[in-house]
Amino acid sequence: MNKHKYDSGIIGNGSYIAHINRFAEIVWLCWPNFDSSPIFGSLIDKKCGNFSVIPNAKVIKTSQSYIENTNILRTEIHTECGAFAVVDFAPRYYKNGDLKYGRSLYRKIIPLYGDIKIKIEIAPTYYYGSSIIEKKVFSDHILLKVPEFKIQIFSNISLNQISMGNSFHLNHTIYIGLFESPPEELPIEDFIESEFAKTKTYWQNWVKHCTIPNFAQSQQIRSALCLKLHQFQDTGAIIAASTTSLPEAPHSGRNWDYRFSWLRDGFYTLHALTNLGQFEELEMYSQFISNLTPGRDGRFQPLYSIFGESILEEKILNLDGYLANQPVRIGNSAYTHKQNDAYGQILISLLPLYLDERIPEKNRFHNLSLIKNILDKIELTMSEPDAGLWEFRNFSQKHCYTFLFHWVGAKAVKVIATVLGEKELQQKSESLMKDAENNIEACFDIELGCYTQAQGKKDLDASLLQLITLGYLDPKSEKAKTHLKAIEQSLKTKNGLLYRYLHNDDFGKPETTFLVCTFWYVEALACMDRLDEAIKLFNEVTKHANHVGLYSEDIESNSGSQWGNFPQTYSHVGLVNAAHRISEKKTKSLFW
C-alpha cells in the first residue's frame, strides 16, 4: 500500500495561513481571513487558483525545511540545468512595543547554481473558484481587486513579465510581496529583507521563551510554532485547522470544514501552550470567550466563527476535491449540536488566569458572572444526552466524556472559589462534581471492566483515556488498570495506534486511527508508570510527521498514511502534552 503524506509546509502570522508544497506552489491561501474563500486553492480544485514558480528544465529533486525555530519556509528545487530556492514568510514582529502582523506575504526566489530559467504564475480566483480575479498592471504594482478586498503585488522584476507568465533567466534574487497596503518604503528588496530579519528574530525569541524540557525538543518546538499560527490575532479565536474537506479516509465522505473555533479545541491548544510556558494566547482567548453571545437559552455553541459569529451554515460545493475526494464542504452544521463538554473545557481553560502569578494584572480576569453562568450550564445539562466529542449527527447519548468535563469544570470552579473565598460557589461546585461522578460511574461496565462511551452502551472510546490523564482515576487503582487494558485490547492496532472507537456511526466504521488518541494513550502510559513503553511509542508515533514535522488528523495504521485536515491542532496538542507528561515522569524518576 502506497504511503500518502501531505507534501506542504505552512506559513502565517495570525491573520492567514498559507500552504506551500515541495514545488514552491502556494496550494492553499484563504484571504483575507482563516475562513474566507481561498485565492489560491489548487489543493482542492485546480480551478481555485495558484501561485507557482515554474522552472523551464525538468525537476530532479526538491527539498523543504523551516529556518531553525521559525515559521519561515525554504523550498529548494533542483533541475537538470541548475537549482534555486524559494523562501516564504509572513511578517510578525514588535516595533516600538507594538506587535506588527500585517496581512502581507513575501517570497524570495534565490538562484543557487547553474543556468536557471523560470516563470512566475499568479492566477488568483475567489468565491471558491467561481470568479477569476483580474490582474491590473500599474507602473509600480499589480492590483488584484474584489469587493471584499484588494491586494497589491510589488516586485523587483518586470510586473508585465509576472502578469503575462513569461519565462526569464533567474540571475539575481527576486522579491515578490503581496500587500493589503503599499510597503512602507522602497526599494522592495530592502524592505522585504528588513521584514525577514525582524520576523526571524521574533520567532526565534518566541521559541527561546518556551519552557521545553530536553525530551523531544525539536518535535515540541515545531508543534508549538504550528499551534501559534492557528490563533486568529484579531479576536483570540483558535481554529482546529486551516483547511476544509481533506478526507479522514479516501472516499469516506468524512470531509469537514475545520476553519472554525471549537471551544473544546481551544482548551486543548491552550493547555499545550501553557505547558510550554506561553500565556499570551490564553489571555487573548479569554477575551474571545467573554465576547461570545450565548443563544436565547443562555447556552454556548460547540463552535463559532473566528469573529464569534454563531451561524456557520454547511454547504456542499461543486468542486473536484482533494485527490478527487468529495464532497467539498464549507461551514459546519455541528454549530447546531448539543456538545455539553464545552462548558467544562471553558472553565478549565480560564483557571490559570486566577492562579498563575506569572500572568500580569490577573485581577481583571475575575469575572465571576462568567464563571457562575458557565457553571449553571453544567448544572442545566448534567442529565442531558448530547452529540458528544465526536459530533455524532444522527443520535444523542449520555456520554462519559461529557460527564468527565462536567467533573473537571466543576473542580476548576471549586479551586477558583477557594482562592477568592466564595464559599457558596465552592459548595455548588462540589455538589456538581458529585453529580458528575455519579454519571461517570453509571458508564462503568462491570463485565468489560472499563468505562464505556455512554450510559447503557458497550462501545469503548479512546477519549476516555483522559479519565486517567485528567486525574479522575488514580493511576495506581485497579479500575485504571482494567480500563486501560480494555481500551488496549479493543482499540489499539498492532502498530500501537488507536482508533477513537470502532462501532458504526453516521458513516459506518472509522477506517483510520485518530492521532490525538494515540498521544492520549502515550500520556496514560506515562501516568501509569509504564514510562519505557510510553517513550518507545512516542518515538514511533512521531515518525508519522510529514517532511517538515507537521501532523494530520488521522493515520492509516497499515501504511502510515496521513489523512484528515492538515495540519491538525489536536495532533500537535497531543504531542506536546504527551512529551510534557513523559518529561515530568523522567524528571521525577531521577530524584525518587
# chains A, B, ... in the order shown; residues from 1 in each chain; ligands from 1

$ residues_around --residues "Gln220 of chain A" --least-positions-apart "5" --cutoff "9 Å" --atoms "only C-alpha atoms" --output "ChimeraX atom specification"
/A:212,215,225,276,572,575-576,579

$ select_by_dssp --residues "segment 209-416 of chain A" --states "helix (DSSP H, G or I)" --output "number ranges by chain"
A: 217-229, 263-275, 280-290, 322-324, 333-336, 342-355, 362-365, 368-381, 400-416

$ residues_around --residues "Ile162 of chain A" --least-positions-apart "2" --cutoff "12 Å" --atoms "only C-alpha atoms" --output "MDAnalysis selection string"
chainID A and resid 51:54 118:123 135:137 141:142 153:160 164:168 174:176

$ closest_residue --among "A:Thr542, A:Gln489, A:Ser477, A:Ser242" --to "Cys226 of chain A" --atoms "only C-alpha atoms"
A:Ser242

$ closest_residue --among "A:Phe232, A:Tyr354, A:Tyr258, A:Tyr521" --to "Gly308 of chain A" --atoms "only C-alpha atoms"
A:Phe232

$ closest_residue --among "A:Leu389, A:Val207, A:Ile132, A:Leu531" --to "Glu68 of chain A" --atoms "only C-alpha atoms"
A:Val207

$ residues_around --residues "segment 292-302 of chain A" --least-positions-apart "6" --cutoff "6 Å" --atoms "only C-alpha atoms" --output "ChimeraX atom specification"
/A:262-263,308,335,339

$ atom_distance --atom1 "atom CA of Asn325 of chain A" --atom2 "atom CA of Asp505 of chain A"
19.9 Å

$ select_by_dssp --residues "segment 166-301 of chain A" --states "strand (DSSP E)" --output "PDB file with all heavy atoms, in the first residue's frame"
ATOM      1  N   SER A 167       8.650  33.464 -19.367  1.00  0.00           N
ATOM      2  CA  SER A 167       9.865  32.885 -18.788  1.00  0.00           C
ATOM      3  C   SER A 167      11.006  33.889 -18.852  1.00  0.00           C
ATOM      4  O   SER A 167      11.082  34.718 -19.772  1.00  0.00           O
ATOM      5  CB  SER A 167      10.265  31.620 -19.549  1.00  0.00           C
ATOM      6  OG  SER A 167       9.279  30.617 -19.389  1.00  0.00           O
ATOM      7  N   PHE A 168      11.909  33.806 -17.867  1.00  0.00           N
ATOM      8  CA  PHE A 168      13.068  34.697 -17.844  1.00  0.00           C
ATOM      9  C   PHE A 168      14.187  34.032 -17.047  1.00  0.00           C
ATOM     10  O   PHE A 168      13.951  33.120 -16.245  1.00  0.00           O
ATOM     11  CB  PHE A 168      12.719  36.061 -17.257  1.00  0.00           C
ATOM     12  CG  PHE A 168      12.113  35.995 -15.888  1.00  0.00           C
ATOM     13  CD1 PHE A 168      12.905  36.014 -14.746  1.00  0.00           C
ATOM     14  CD2 PHE A 168      10.736  35.881 -15.731  1.00  0.00           C
ATOM     15  CE1 PHE A 168      12.335  35.937 -13.486  1.00  0.00           C
ATOM     16  CE2 PHE A 168      10.166  35.807 -14.467  1.00  0.00           C
ATOM     17  CZ  PHE A 168      10.972  35.831 -13.338  1.00  0.00           C
ATOM     18  N   HIS A 169      15.423  34.496 -17.281  1.00  0.00           N
ATOM     19  CA  HIS A 169      16.577  33.946 -16.571  1.00  0.00           C
ATOM     20  C   HIS A 169      16.574  34.420 -15.122  1.00  0.00           C
ATOM     21  O   HIS A 169      16.351  35.603 -14.844  1.00  0.00           O
ATOM     22  CB  HIS A 169      17.883  34.363 -17.259  1.00  0.00           C
ATOM     23  CG  HIS A 169      18.170  33.588 -18.504  1.00  0.00           C
ATOM     24  ND1 HIS A 169      18.649  32.290 -18.478  1.00  0.00           N
ATOM     25  CD2 HIS A 169      18.025  33.927 -19.808  1.00  0.00           C
ATOM     26  CE1 HIS A 169      18.801  31.865 -19.719  1.00  0.00           C
ATOM     27  NE2 HIS A 169      18.427  32.836 -20.543  1.00  0.00           N
ATOM     28  N   ILE A 174      15.009  37.395  -6.618  1.00  0.00           N
ATOM     29  CA  ILE A 174      13.744  38.064  -6.926  1.00  0.00           C
ATOM     30  C   ILE A 174      12.937  38.197  -5.642  1.00  0.00           C
ATOM     31  O   ILE A 174      12.851  37.260  -4.840  1.00  0.00           O
ATOM     32  CB  ILE A 174      12.957  37.269  -7.977  1.00  0.00           C
ATOM     33  CG1 ILE A 174      13.681  37.306  -9.329  1.00  0.00           C
ATOM     34  CG2 ILE A 174      11.531  37.789  -8.124  1.00  0.00           C
ATOM     35  CD1 ILE A 174      13.084  36.384 -10.359  1.00  0.00           C
ATOM     36  N   TYR A 175      12.338  39.356  -5.457  1.00  0.00           N
ATOM     37  CA  TYR A 175      11.482  39.620  -4.305  1.00  0.00           C
ATOM     38  C   TYR A 175      10.068  39.909  -4.790  1.00  0.00           C
ATOM     39  O   TYR A 175       9.871  40.746  -5.672  1.00  0.00           O
ATOM     40  CB  TYR A 175      11.992  40.821  -3.506  1.00  0.00           C
ATOM     41  CG  TYR A 175      13.343  40.603  -2.881  1.00  0.00           C
ATOM     42  CD1 TYR A 175      14.512  40.799  -3.621  1.00  0.00           C
ATOM     43  CD2 TYR A 175      13.472  40.212  -1.548  1.00  0.00           C
ATOM     44  CE1 TYR A 175      15.772  40.600  -3.056  1.00  0.00           C
ATOM     45  CE2 TYR A 175      14.723  40.020  -0.971  1.00  0.00           C
ATOM     46  CZ  TYR A 175      15.860  40.211  -1.736  1.00  0.00           C
ATOM     47  OH  TYR A 175      17.090  40.020  -1.173  1.00  0.00           O
ATOM     48  N   ILE A 176       9.093  39.207  -4.208  1.00  0.00           N
ATOM     49  CA  ILE A 176       7.687  39.445  -4.536  1.00  0.00           C
ATOM     50  C   ILE A 176       6.922  39.608  -3.225  1.00  0.00           C
ATOM     51  O   ILE A 176       7.055  38.779  -2.316  1.00  0.00           O
ATOM     52  CB  ILE A 176       7.074  38.291  -5.352  1.00  0.00           C
ATOM     53  CG1 ILE A 176       7.859  38.058  -6.637  1.00  0.00           C
ATOM     54  CG2 ILE A 176       5.606  38.564  -5.665  1.00  0.00           C
ATOM     55  CD1 ILE A 176       7.398  36.846  -7.419  1.00  0.00           C
ATOM     56  N   GLY A 177       6.127  40.660  -3.120  1.00  0.00           N
ATOM     57  CA  GLY A 177       5.331  40.881  -1.927  1.00  0.00           C
ATOM     58  C   GLY A 177       3.873  41.092  -2.270  1.00  0.00           C
ATOM     59  O   GLY A 177       3.552  41.817  -3.223  1.00  0.00           O
ATOM     60  N   LEU A 178       2.974  40.433  -1.537  1.00  0.00           N
ATOM     61  CA  LEU A 178       1.532  40.658  -1.634  1.00  0.00           C
ATOM     62  C   LEU A 178       1.136  41.519  -0.436  1.00  0.00           C
ATOM     63  O   LEU A 178       1.357  41.111   0.719  1.00  0.00           O
ATOM     64  CB  LEU A 178       0.758  39.346  -1.617  1.00  0.00           C
ATOM     65  CG  LEU A 178       0.593  38.597  -2.948  1.00  0.00           C
ATOM     66  CD1 LEU A 178       1.937  38.196  -3.531  1.00  0.00           C
ATOM     67  CD2 LEU A 178      -0.296  37.372  -2.770  1.00  0.00           C
ATOM     68  N   PHE A 179       0.538  42.675  -0.693  1.00  0.00           N
ATOM     69  CA  PHE A 179       0.246  43.647   0.361  1.00  0.00           C
ATOM     70  C   PHE A 179      -1.218  44.064   0.333  1.00  0.00           C
ATOM     71  O   PHE A 179      -1.808  44.216  -0.739  1.00  0.00           O
ATOM     72  CB  PHE A 179       1.082  44.919   0.180  1.00  0.00           C
ATOM     73  CG  PHE A 179       2.565  44.730   0.270  1.00  0.00           C
ATOM     74  CD1 PHE A 179       3.307  44.354  -0.839  1.00  0.00           C
ATOM     75  CD2 PHE A 179       3.225  44.949   1.472  1.00  0.00           C
ATOM     76  CE1 PHE A 179       4.679  44.201  -0.760  1.00  0.00           C
ATOM     77  CE2 PHE A 179       4.605  44.796   1.560  1.00  0.00           C
ATOM     78  CZ  PHE A 179       5.336  44.420   0.445  1.00  0.00           C
ATOM     79  N   SER A 261     -13.645  27.929  15.333  1.00  0.00           N
ATOM     80  CA  SER A 261     -13.132  27.857  16.699  1.00  0.00           C
ATOM     81  C   SER A 261     -14.045  26.988  17.554  1.00  0.00           C
ATOM     82  O   SER A 261     -15.109  27.430  17.990  1.00  0.00           O
ATOM     83  CB  SER A 261     -13.034  29.267  17.289  1.00  0.00           C
ATOM     84  OG  SER A 261     -12.443  29.220  18.577  1.00  0.00           O
ATOM     85  N   TRP A 262     -13.621  25.750  17.763  1.00  0.00           N
ATOM     86  CA  TRP A 262     -14.309  24.857  18.695  1.00  0.00           C
ATOM     87  C   TRP A 262     -13.842  25.202  20.109  1.00  0.00           C
ATOM     88  O   TRP A 262     -12.634  25.310  20.369  1.00  0.00           O
ATOM     89  CB  TRP A 262     -13.974  23.393  18.397  1.00  0.00           C
ATOM     90  CG  TRP A 262     -14.851  22.715  17.414  1.00  0.00           C
ATOM     91  CD1 TRP A 262     -15.881  21.857  17.671  1.00  0.00           C
ATOM     92  CD2 TRP A 262     -14.762  22.784  15.978  1.00  0.00           C
ATOM     93  NE1 TRP A 262     -16.438  21.402  16.493  1.00  0.00           N
ATOM     94  CE2 TRP A 262     -15.777  21.968  15.439  1.00  0.00           C
ATOM     95  CE3 TRP A 262     -13.931  23.494  15.095  1.00  0.00           C
ATOM     96  CZ2 TRP A 262     -15.981  21.814  14.077  1.00  0.00           C
ATOM     97  CZ3 TRP A 262     -14.129  23.345  13.738  1.00  0.00           C
ATOM     98  CH2 TRP A 262     -15.138  22.521  13.244  1.00  0.00           C
TER      99      TRP A 262
END

$ closest_residue --among "A:Ile238, A:Leu351, A:Val522, A:Cys527" --to "Leu470 of chain A" --atoms "only C-alpha atoms"
A:Cys527

$ residues_around --residues "Ser36 of chain A" --least-positions-apart "3" --cutoff "10 Å" --atoms "only C-alpha atoms" --output "PyMOL selection string"
chain A and resi 16+29-33+39+126-128+259+330

$ write_last_selection --atoms "N, CA and C atoms" --output "PDB file, in the first residue's frame"
ATOM      1  N   TYR A  16      -3.481  34.963   8.527  1.00  0.00           N
ATOM      2  CA  TYR A  16      -3.747  33.960   7.487  1.00  0.00           C
ATOM      3  C   TYR A  16      -2.771  32.808   7.651  1.00  0.00           C
ATOM      4  N   LEU A  29      -4.478  29.244   0.292  1.00  0.00           N
ATOM      5  CA  LEU A  29      -4.359  30.512   0.998  1.00  0.00           C
ATOM      6  C   LEU A  29      -5.724  31.184   1.023  1.00  0.00           C
ATOM      7  N   CYS A  30      -6.386  31.119   2.181  1.00  0.00           N
ATOM      8  CA  CYS A  30      -7.663  31.799   2.354  1.00  0.00           C
ATOM      9  C   CYS A  30      -7.391  33.262   2.682  1.00  0.00           C
ATOM     10  N   TRP A  31      -8.152  34.152   2.041  1.00  0.00           N
ATOM     11  CA  TRP A  31      -7.888  35.585   2.171  1.00  0.00           C
ATOM     12  C   TRP A  31      -9.206  36.333   2.170  1.00  0.00           C
ATOM     13  N   PRO A  32      -9.416  37.286   3.052  1.00  0.00           N
ATOM     14  CA  PRO A  32      -8.431  37.864   3.953  1.00  0.00           C
ATOM     15  C   PRO A  32      -8.340  37.178   5.321  1.00  0.00           C
ATOM     16  N   ASN A  33      -9.231  36.200   5.614  1.00  0.00           N
ATOM     17  CA  ASN A  33      -9.246  35.582   6.942  1.00  0.00           C
ATOM     18  C   ASN A  33      -9.142  34.068   6.842  1.00  0.00           C
ATOM     19  N   ILE A  39      -7.807  32.352  -2.254  1.00  0.00           N
ATOM     20  CA  ILE A  39      -7.448  32.991  -3.522  1.00  0.00           C
ATOM     21  C   ILE A  39      -6.543  32.054  -4.322  1.00  0.00           C
ATOM     22  N   TYR A 126     -11.627  33.646  -6.720  1.00  0.00           N
ATOM     23  CA  TYR A 126     -12.363  33.871  -5.475  1.00  0.00           C
ATOM     24  C   TYR A 126     -13.715  33.182  -5.551  1.00  0.00           C
ATOM     25  N   TYR A 127     -14.441  33.252  -4.448  1.00  0.00           N
ATOM     26  CA  TYR A 127     -15.725  32.564  -4.334  1.00  0.00           C
ATOM     27  C   TYR A 127     -15.577  31.089  -4.720  1.00  0.00           C
ATOM     28  N   TYR A 128     -14.524  30.482  -4.147  1.00  0.00           N
ATOM     29  CA  TYR A 128     -14.229  29.059  -4.343  1.00  0.00           C
ATOM     30  C   TYR A 128     -14.164  28.692  -5.824  1.00  0.00           C
ATOM     31  N   ARG A 259     -12.205  25.219   9.768  1.00  0.00           N
ATOM     32  CA  ARG A 259     -11.630  26.565   9.888  1.00  0.00           C
ATOM     33  C   ARG A 259     -12.407  27.433  10.890  1.00  0.00           C
ATOM     34  N   ILE A 330     -18.156  23.674   2.961  1.00  0.00           N
ATOM     35  CA  ILE A 330     -17.805  24.885   3.699  1.00  0.00           C
ATOM     36  C   ILE A 330     -18.887  25.105   4.741  1.00  0.00           C
TER      37      ILE A 330
END

$ atom_distance --atom1 "atom CA of Leu282 of chain A" --atom2 "atom CA of Arg92 of chain A"
18.9 Å

$ residues_around --residues "segment 3-9 of chain A" --least-positions-apart "6" --cutoff "10 Å" --atoms "only C-alpha atoms" --output "JSON, numbers by chain"
{"A": [18, 19, 20, 21, 22, 23, 24, 25, 26, 27, 28, 64, 65, 66, 71, 72, 73, 74, 75, 226, 544, 545, 546, 547, 548, 549, 550, 551, 552, 555, 556, 558, 559, 560, 561, 562, 563, 564, 565, 566, 567]}

$ closest_residue --among "A:Trp407, A:Ile306, A:Lys338, A:Leu355" --to "Ala387 of chain A" --atoms "only C-alpha atoms"
A:Lys338

$ residues_around --residues "Ser429 of chain A" --least-positions-apart "6" --cutoff "9 Å" --atoms "only C-alpha atoms" --output "ChimeraX atom specification"
/A:375,407,409-414,417

$ closest_residue --among "A:Asn367, A:Ser571, A:Gln217, A:Gln231" --to "Gly266 of chain A" --atoms "only C-alpha atoms"
A:Gln231

$ atom_distance --atom1 "atom CA of Leu484 of chain A" --atom2 "atom CA of Met528 of chain A"
9.4 Å
